[in-house]
Each structure stands twice: as structure tokens, then as C-alpha cells.
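Participant: Below: one structure in C-alpha cells.
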Amino acid sequence: MSIPLHYYLGLSAVLFAIGVAGVLTRRNAIVVFMCIELMLNSVNLTLIAFASFMGDISGHVLVFFVMAVAAAEATVGLAIVIALFRNRQTVNIDEINILKW
Amino acid sequence: MLEQYVPIGIMMLFAVAFGIVLVNINRWIGPRRPSTEKLSTYESGMEPVRTARERFSVKFYLVAMLFIVFDLEIVFLYPWAVVFRELETAGIVGMGVFLIVLSIGFLYEWKKGAMDWH
Amino acid sequence: MSISFQDVIATGPITVVSIVALVVLIVETIRDKTELLTCWISITGLVLAMIVAFTSIENTGTAYSGMVNTGGYANFFAVVFCIAGLLSTMLSKSYIQKENIEHGEYYFLLLLAVVGMMLMAAAADLIIFFLGLELMSVTFYVMAGFVRKRQASNEAALKYFLLGAFATGFLLYGIALLYGSTGTTNIESIISRADILPPNTTFLIGLGLLLIGLAFKVAAVPFHMWVPDVYEGSPTTVSGFMSTGGKAAAFSALLLIFAPKLVNLVGPIQEVLAVLSALSMIVGNVIAISQTSIKRMLAYSSIAHAGYLLTGVVAANASGTKGILFYLIAYTVMNIGAFGVLSTFESKDRQNLTFDDYAGLSSKKPVLAGLMALFMFSLSGIPPFAGFFGKYYVFVGAVEAGYTWLAIVGVLMSVVSVYYYLRLVVLMYFKEQAVISEPTVSSLGLTALVISGVAVVELGIFPSTVLNIIANFF
């Protein structure tokens, strides 16, 4: 007996919600970014669950691309954070506020 | 349906108990006579200079950043290798293009000195 | 099911720009002092891609096992993105020199962003759409923070990155749910399943999440918070490029996925789009009035323009779609022109010029002032300039679809927008004051500005030149 599809979907929905909550409440740019990664990975779980239950390959393919894109985003994100830290000595997003109306 | 999980539950209980016992057994039966020398960090016979809990140089982050991209591109090689025979020439050409593009990026970071430690 | 050489040819514009981007990177790697060379290579490449796209516009079909569309719609947008890239490249030359950020990588990133945009417009599959979107977004994050030494630029990049990645999460979850409910990632089949499926919650949630992601990329209210900060902090030419190319790409994908057929079939989506559209027009225009910095004013006006364009998506009929395509090409030339004029007046220590800085410009710099006035007239939608016809077709589409209230909101808000656009013109022409620092405009940049100006007038007087091409797509 295998685990039904909606268990996977429920788990990934919960993970996604945790990621969203983290993005909205955390103040450290790196932690915010980690929460975004959590969101992306929960989507990967959804995709894999759907793909394996439908026996379809394109979900798996998309997961590979999502992983590669997430890595590229992580690199760019870290680079931006480092550039900002060199100028401002902070990664707290409440203190990063020189642009406002 | 939940009763099917009972053997797994029993096995996990045993595993946890076994782990706890093994980790702690020498603490329970072995003698303990600590001294300053014994409690200090073991650095292959060297005197530890300062604490290990400090900020890392930003260079480590740069290396990690460069690594992660190339690391994850390799992800594409595994599925490709699995169906390599069915793809025939198109597969080789396609992966060749992918690897050439990747090497251009690699060459760029090398020449720009992103991999120099200092 | 194998990749053949024909696919490479069929997706000509994408191939050309990708190769040129790699050539730029190689040149940057093996030579020093490459700024001039890389600039000209990218200009040549973009012109070449534009010619390829234009000549193969008739060859509609798919390539790469049905993953990518070719010809027609895809090539039309390829031309638009090449124009955006080309004008930005030409304007950037003197600006990035002034900012001391003149590196070959700038052009490389710009070309990569163009490739991403082309993939979005050519996507026949959600996987390609996602890849194109991310390629464009990631390069935009880097370009926004290109002035590494300036805090505003760092901050813009960080905000854009965090919010952009957040939106990507939603978009991706939407894609996953659509895939789960229809069993395919092919856009065409997803749209055709919409009428077979009974009202399916997973499908609707998927569409909604995808819409959130796309609304973020097109800068529609309430997903617009990033726009003013990012446009203000980024290098001015990059803001111009993001606001035109990026918006055009996001709308090209929005039109592919939320195609008229889907919008008409799925009622709730049409209502949601109408609300987004009305909110964007109202919020964008009203807040733009109170801005003192011209860059921020253009940012809020960009939100308002996203609202006008969404009206065409809501309409979901031929006039609406035609209107969006025409509007996008008009918006590209006029907005890049406006940001281009701004970029000539900024200097390393004088960023974010205010309205008052432009007072009395017409007597000192008649050509630049004239061009700026032209772009402002066109942005506010006054005939006979390009902006007018874009708005006209979009609103006609809305009325035909029974969304008269939306068209009325649009027209009223256009009237509001005249106030802040023409305030700049009035200041430039009817107020005498010492003028700001000497503009630095290279002959290349001036050429780009003049081309944009001519295009704005040409599209306004002879809209049929573009409309005839567009009419063949649907």
C-alpha cells in the first residue's frame, strides 16, 4: 500500500506556507532567502508527487530546472548580500531603507 | 492501515535505544579523570591558537557561490547519462553545447581571478 | 523526437542573441579594455537578430519537440525586445562611462536578458516560460545592483531580488498545480483542458498563483511595491530597459497563458484581472502626481501603464490583444526615450533629479527638451503620438467585451496622468531658471533618442504599419 497523493500535497502545502510565513516575519536577508528556498523546494515536492503519480516525465524535468535556477538565484542573492554588506555592514532588511517615498 | 507501521515503530524504538546505549556506555562504565591538557582541543599535537568560533572570511562564501552553480549543473549529466544510448548523436551534440557554454563561464571566472584566494 | 539543426534555424533570433552573448563573454575574458568592442558586438548582434526575426516572421510553427513557438507572435516580440535592447545599449554607453561601471559584462547581461525575454514570448510550454522568466529576472537582479559602490543600487538589487524570488515561488507553485490538475505542461493543452474540466479547485488555485507571479513581473497593484524603489536605485538606463523590455516580456507571457480563450472560459479570472487593472490605473496615476523625483514619477507611471495594458487582457478579444501588442511597442520606444533623456542629465553625484531641476531646459538644450516633451506627450496618450493609439485599441476592446466601466476608469485616469506628464513640459518651456549640470550625450545616445522620437511620431501617424503585421497573428 502506498502513501496517497494528498499526503504529499498536504506536506508540500504546509512547507510552502512555512516558507511564506518566514519571508514575511524574518528580518535577516539571508534567513528570508532561506525561506524562499524552502518555498521553491516545497514546490519541487509537489511536482515530483504529481509526476510520479501520473507517470509523466515533464514534472521531473521541471524539477531539475527549478533546482538549477534556484542555485543560480542563490549565487546572485549571496553576491548581492555581500555587496550590500561591504557598503552598509548590515543584512537587516529593516535598516536597508534609504529608498522610500 | 496504521497497524502496518507497527513493525517500523518497534524498529525505530530499538534503533534509538541502541544508539543512546552505545553513545553513553563508556561514560557510564569508564573512569573519568579530566585535566586541562586533556580537555583542550586536539589539533594533531599543536597548541590551539584561538577559538574556532569566529567569523569566516568572505572568501569562503565566494568559493561556495562559485561551487554551487557548477555543482548543480552536473545534475543534468545524470539523467542524460541514463538515456545516453537512445539519444544517439543528438544527445552528444546537445550535451556538448551545454558543456561548452559552461566552460566559457568557467574560463571567465578563472581569468577574472575569482578563484585566486588573495 | 530529436533535436535537429532545423530547430536551431527556426528559433533564429534566440540562437543569434545567445551566440552573440557568449562571444561578448569570451571577448571580455581574453582581452582587456573591451568596453568599446563589446558594445559594438552587441549592437551588431541585436540588429542581426532583429533582421532574422523580421524576415522569418511568416514561418510559424514549433521547434524543439513542440517546446518553443517560432515565427509570428514570438518573432514580433523578438523584434520588440531587440529594439529595447538596442536602444538601451546605445544609451548606456555614455551613462555607464560616467558612472564608472563600464565593463563588458554589462552588455553580456543585457543580451542574456533579451534571450530570456525571447524565450518567454516564444514559450509553448510552461517549462520554457519558467526558464525564460528566470533568465530575465536573474540578470535584472544583477543589473539593478551594477553600481556596486552605491548604496541605493545595492538596496535596489536586494529588494528586487528578495521580492522577485518570493514572487517566483508563487508562480512556480501555480505551475505545479496547473500541471497536477491537467497532467501536462504544454500551454496549448492546458488552455484547451479548461473547458473540458469541471470547475476544478486545483486548476483555479493554480491559475491564481500563476497570476500573482505574473502580476508581480508586470508591476500591477497590489504587487507593485518593489517598482519605485528598484527603478530609483538602479542605473537609469537599466531602469529604462527593465520597465520596457521586462514589462513587454511579462505581458507576452501573460497573453500566452491567459489567452482570450482561457479568460472567457474561466469567469473568476476575468473579474480578478479587471480589479487588478483598475487598481493599477488608479494607484499608479494618483501616487505619481505627488512625486518630486522624475525617476519615481516614471516608476509610478509604469504601474499605471501596466493597468492600461491589463485592460486589454481583461477584454479578451481581438481589439484588446491587438491593442496590447501595439501599446507594448509604443511604450518601449517612448519610455526608453524618457529614461534615456534622464540618463544624460545625471552625473555621479547628482542622482534622482527633481522636476525643478528641469526648469528652463528648452532655452539651453532645445533638442533634448523637445524630445523629452515628445515622450511626455506620447506617454500621456495625446494624439497624434504612439501612446494614443495603444490606449485607444485597448479601451475599445474593453468596451466591446462589456467592460465599459473599466474603459471609463482608464480614460479618467489618463486625464489625471496628463497633469504630471505635462507639468514637466510646462516647467521646461515656460519657466526660466539656471539649468542643471551639463548633459553628457554621446552621438550614439543621441541617435538612439532621435530614433525613439521618430518612432513615436511615426507610430502615431501611421499606426497601420505595425497593425497590419499584428493582424496576421490571430
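Residue numbering restarts at 1 in every chain; chains get A, B, ... in the order shown in the C-alpha cells, and ligands count up from 1 in that same order.
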Counting only C-alpha atoms, which residues of chain C sit at most 8 Å from some atom of chain A, and what is each one's closest atom pair with its distance in Å to one decimal, listed by chain and rising residue number, as JSON lines?
Facilitator:
```
{"residue": "C:Ile127", "atom": "CA", "partner": "A:Leu62", "partner_atom": "CA", "distance": 6.0}
{"residue": "C:Leu131", "atom": "CA", "partner": "A:Phe65", "partner_atom": "CA", "distance": 7.5}
{"residue": "C:Glu134", "atom": "CA", "partner": "A:Val69", "partner_atom": "CA", "distance": 7.1}
{"residue": "C:Val138", "atom": "CA", "partner": "A:Glu73", "partner_atom": "CA", "distance": 6.5}
{"residue": "C:Tyr141", "atom": "CA", "partner": "A:Val76", "partner_atom": "CA", "distance": 7.6}
{"residue": "C:Val142", "atom": "CA", "partner": "A:Val76", "partner_atom": "CA", "distance": 7.0}
{"residue": "C:Gly145", "atom": "CA", "partner": "A:Ile80", "partner_atom": "CA", "distance": 7.2}
{"residue": "C:Arg148", "atom": "CA", "partner": "A:Ala83", "partner_atom": "CA", "distance": 6.4}
{"residue": "C:Lys149", "atom": "CA", "partner": "A:Asn87", "partner_atom": "CA", "distance": 7.1}
{"residue": "C:Arg150", "atom": "CA", "partner": "A:Asn87", "partner_atom": "CA", "distance": 7.8}
{"residue": "C:Gln151", "atom": "CA", "partner": "A:Asn87", "partner_atom": "CA", "distance": 6.5}
{"residue": "C:Ala152", "atom": "CA", "partner": "A:Leu99", "partner_atom": "CA", "distance": 6.7}
{"residue": "C:Asn154", "atom": "CA", "partner": "A:Leu84", "partner_atom": "CA", "distance": 5.3}
{"residue": "C:Glu155", "atom": "CA", "partner": "A:Ile96", "partner_atom": "CA", "distance": 6.6}
{"residue": "C:Ala156", "atom": "CA", "partner": "A:Leu99", "partner_atom": "CA", "distance": 7.9}
{"residue": "C:Ala157", "atom": "CA", "partner": "A:Ile80", "partner_atom": "CA", "distance": 6.8}
{"residue": "C:Leu158", "atom": "CA", "partner": "A:Ile80", "partner_atom": "CA", "distance": 6.2}
{"residue": "C:Phe161", "atom": "CA", "partner": "A:Gly77", "partner_atom": "CA", "distance": 6.7}
{"residue": "C:Leu162", "atom": "CA", "partner": "A:Phe33", "partner_atom": "CA", "distance": 6.8}
{"residue": "C:Ala165", "atom": "CA", "partner": "A:Ile36", "partner_atom": "CA", "distance": 6.8}
{"residue": "C:Phe166", "atom": "CA", "partner": "A:Ile36", "partner_atom": "CA", "distance": 5.9}
{"residue": "C:Gly169", "atom": "CA", "partner": "A:Leu40", "partner_atom": "CA", "distance": 5.5}
{"residue": "C:Leu172", "atom": "CA", "partner": "A:Val43", "partner_atom": "CA", "distance": 6.8}
{"residue": "C:Tyr173", "atom": "CA", "partner": "A:Val43", "partner_atom": "CA", "distance": 5.4}
{"residue": "C:Ala176", "atom": "CA", "partner": "A:Leu47", "partner_atom": "CA", "distance": 5.5}
{"residue": "C:Leu177", "atom": "CA", "partner": "A:Thr46", "partner_atom": "CA", "distance": 7.9}
{"residue": "C:Tyr179", "atom": "CA", "partner": "A:Gly59", "partner_atom": "CA", "distance": 7.6}
{"residue": "C:Gly180", "atom": "CA", "partner": "A:Phe50", "partner_atom": "CA", "distance": 5.5}
{"residue": "C:Gly183", "atom": "CA", "partner": "A:Met54", "partner_atom": "CA", "distance": 7.2}
{"residue": "C:Thr184", "atom": "CA", "partner": "A:Ser58", "partner_atom": "CA", "distance": 7.5}
{"residue": "C:Thr185", "atom": "CA", "partner": "A:Ser58", "partner_atom": "CA", "distance": 7.1}
{"residue": "C:Asp229", "atom": "CA", "partner": "A:Leu99", "partner_atom": "CA", "distance": 5.6}
{"residue": "C:Glu232", "atom": "CA", "partner": "A:Leu99", "partner_atom": "CA", "distance": 7.6}
{"residue": "C:Gly233", "atom": "CA", "partner": "A:Leu99", "partner_atom": "CA", "distance": 7.2}
{"residue": "C:Gln291", "atom": "CA", "partner": "A:Trp101", "partner_atom": "CA", "distance": 7.9}
```
Participant: Each residue of chain B with at least one atom at most 9 Å from chain C should appear once, together with its nearest atom pair and the corresponding distance in Å (one decimal); atoms considered: only C-alpha atoms; ordering: chain, then increasing residue number; output as JSON lines.
Facilitator:
```
{"residue": "B:Leu87", "atom": "CA", "partner": "C:Ser2", "partner_atom": "CA", "distance": 7.5}
{"residue": "B:Ala90", "atom": "CA", "partner": "C:Ile3", "partner_atom": "CA", "distance": 6.0}
{"residue": "B:Gly91", "atom": "CA", "partner": "C:Ser2", "partner_atom": "CA", "distance": 8.3}
{"residue": "B:Gly94", "atom": "CA", "partner": "C:Ile3", "partner_atom": "CA", "distance": 8.0}
{"residue": "B:Val101", "atom": "CA", "partner": "C:Leu22", "partner_atom": "CA", "distance": 7.6}
{"residue": "B:Ile104", "atom": "CA", "partner": "C:Ile26", "partner_atom": "CA", "distance": 6.9}
{"residue": "B:Gly105", "atom": "CA", "partner": "C:Leu25", "partner_atom": "CA", "distance": 8.0}
{"residue": "B:Leu107", "atom": "CA", "partner": "C:Thr29", "partner_atom": "CA", "distance": 7.3}
{"residue": "B:Tyr108", "atom": "CA", "partner": "C:Thr29", "partner_atom": "CA", "distance": 5.2}
{"residue": "B:Glu109", "atom": "CA", "partner": "C:Thr29", "partner_atom": "CA", "distance": 8.3}
{"residue": "B:Trp110", "atom": "CA", "partner": "C:Thr29", "partner_atom": "CA", "distance": 8.9}
{"residue": "B:Lys111", "atom": "CA", "partner": "C:Thr29", "partner_atom": "CA", "distance": 6.2}
{"residue": "B:Lys112", "atom": "CA", "partner": "C:Thr29", "partner_atom": "CA", "distance": 7.2}
```
Participant: Name the residues in contact with C:Glu438 at a cut-off of 12 Å, using only C-alpha atoms, excluding same-chain residues fewer than 2 positions from it; report them as JSON, numbers by chain.
Facilitator: {"C": [343, 344, 345, 346, 347, 350, 357, 358, 361, 364, 365, 368, 434, 435, 436, 440, 441]}
Participant: Using only C-alpha atoms, select each residue of chain B with any atom at most 6 Å away from an atom of chain A, and give the selection as a list of chain:residue names.
Facilitator: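 So the contacting residues turn out to be B:Met65, B:Val69, B:Leu72.
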Participant: Can you tell me how far atom CA of C:Gln6 sits from atom CA of C:Ala250, in Å to one decimal?
Facilitator: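 Separation between atom CA of C:Gln6 and atom CA of C:Ala250: 27.7 Å.
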